[in-house]
Amino acid sequence: MNTEELELLSDSKYRNYVAAVDKALKNFEYSSEWADLISALGKLNKVLQNNAKYQVVPKKLTIGKRLAQCLHPALPGGVHRKALETYEIIFKIIGPKRLAKDLFLYSSGLFPLLANAAMSVKPTLLSLYEIYYLPLGKTLKPGLQGLLTGILPGLEEGSEYYERTNTLLEKVAAAVDQSAFYSALWGSLLTSPAVRLPGITYVLAHLNRKLSMEDQLYIIGSDIELMETDVIIGKLFVTHHKGLTSLLFKELHKQILTIKWKNGFEQIINLTEIEINI
C-alpha cells in the first residue's frame, strides 16, 4: 500500500470502496467456469465505476493479477473482452501518470494477448494501446520491448489489422524516438523468435532505400552489442531468403563493425592523450 492510498484511508467513503473491491475480488476465487469470470469482472467494473472519483485504485496488485488470469489464451474471447473493459475503466480512472508508474502491473496481462486473441478482441486491444499507451510517450521506454513484442504479432501480411498495427508501431516509434524504438525492436527479435518475421518485415518496410545506412543509423539502435547478436540471428533466420533481406543484414553488420572500429579508435586516442598528459 503506497503513501497516497494510506492517506485516503482516512476517508470513510474510500474505506468503503476498498471493502467493495475486496468483496468483488472474492468472486474470482469462486469462479469455476468462464461465465463466472465474466460475472466477476462485471461486478468489479461496477465497483470501479461507482468510485471513479478516486484516482487511486485499491488492491491494484490483486486486480492486475486477476485481469492477467482472465486474459489466459485458453479462455474464450468473451472473457477477454470483458477483462479489456476493466482495463479501460481503470486507465480512465488513474490517468496517464499513474498508468506510466504502474505500467508493468497492467501490461503483464495485455502484452501476450494479441498473438492469441480472437478477431473480435484484437480491435479492442489495439484501441487500448492507441488511446492509453501512446500518450505516455517516452515514459513507455521501460516497458517498450514488451510492448513491441506484444504488438508485432498483429503485423501479419494479409491480416485485417496489418495497416492498423503498422501505424501503431510508427506512432510508438515517434513517441519514444527512433533509436530507442529500434533498440527495443532488436531486443524483441533476440528474445522472442515468434516475432522475428514481423519484426524484420517492419524494418524492411521502413528502410529508406534511397538513403545510405549511414543516414539511417537509428535503425541500429543504441545497443551495438545487442544489435550485432541480432544481425547474426537474422542472418541465420533469412538464409533461405534472397535480395533485400540479405542485403539489409550485410549492410547493418558493416555499419556495426564501422561503429565499433571508430569507438575503439577513439578509446585508443583518449588513452594516448592521458599518457601524454601524465
# chains A, B, ... in the order shown; residues from 1 in each chain; ligands from 1
$ residues_around --residues "stretch 196-207 of chain A" --least-positions-apart "6" --cutoff "7 Å" --atoms "only C-alpha atoms" --output "PyMOL selection string"
chain A and resi 152-153+155-156+189
$ write_last_selection --atoms "N, CA and C atoms" --output "mmCIF file, in the first residue's frame"
data_model
loop_
_atom_site.group_PDB
_atom_site.id
_atom_site.type_symbol
_atom_site.label_atom_id
_atom_site.label_comp_id
_atom_site.auth_asym_id
_atom_site.auth_seq_id
_atom_site.Cartn_x
_atom_site.Cartn_y
_atom_site.Cartn_z
ATOM 1 N N LEU A 152 3.793 -6.707 -32.312
ATOM 2 C CA LEU A 152 4.310 -7.256 -33.575
ATOM 3 C C LEU A 152 3.504 -8.427 -34.151
ATOM 4 N N PRO A 153 2.896 -9.295 -33.331
ATOM 5 C CA PRO A 153 2.098 -10.375 -33.933
ATOM 6 C C PRO A 153 0.955 -9.877 -34.820
ATOM 7 N N LEU A 155 1.308 -7.724 -37.030
ATOM 8 C CA LEU A 155 1.902 -7.317 -38.307
ATOM 9 C C LEU A 155 2.043 -8.535 -39.218
ATOM 10 N N GLU A 156 0.948 -9.187 -39.430
ATOM 11 C CA GLU A 156 0.917 -10.386 -40.266
ATOM 12 C C GLU A 156 0.416 -10.014 -41.655
ATOM 13 N N LEU A 189 13.372 -9.131 -31.064
ATOM 14 C CA LEU A 189 13.752 -10.166 -32.027
ATOM 15 C C LEU A 189 14.721 -11.173 -31.417
#
$ residues_around --residues "stretch 139-151 of chain A" --least-positions-apart "5" --cutoff "8 Å" --atoms "only C-alpha atoms" --output "list in words"
Ala100, Leu103, Phe104, Leu110, Phe111, Pro112, Leu113, Leu114, Ala115, Tyr133, Thr165, Leu169, Val176, Ala180, Phe181, Ala184, Leu185, Gly187, Ser188, Ser192 and Val195 of chain A
$ closest_residue --among "A:Pro58, A:Pro76, A:Gly95, A:Pro123" --to "A:Tyr161" --atoms "only C-alpha atoms"
A:Pro123
$ closest_residue --among "A:Ala174, A:Ile38, A:Ile63, A:Val18" --to "A:Lys138" --atoms "only C-alpha atoms"
A:Ala174
$ atom_distance --atom1 "atom CA of A:Lys43" --atom2 "atom CA of A:Ala24"
6.0 Å
$ closest_residue --among "A:Ala118, A:Val47, A:Leu136, A:Ile90" --to "A:Gly77" --atoms "only C-alpha atoms"
A:Ala118
$ closest_residue --among "A:Glu88, A:Asp102, A:Glu33, A:Asp11" --to "A:Ala74" --atoms "only C-alpha atoms"
A:Glu33
$ closest_residue --among "A:Leu125, A:Cys70, A:Leu8, A:Leu41" --to "A:Tyr54" --atoms "only C-alpha atoms"
A:Leu8
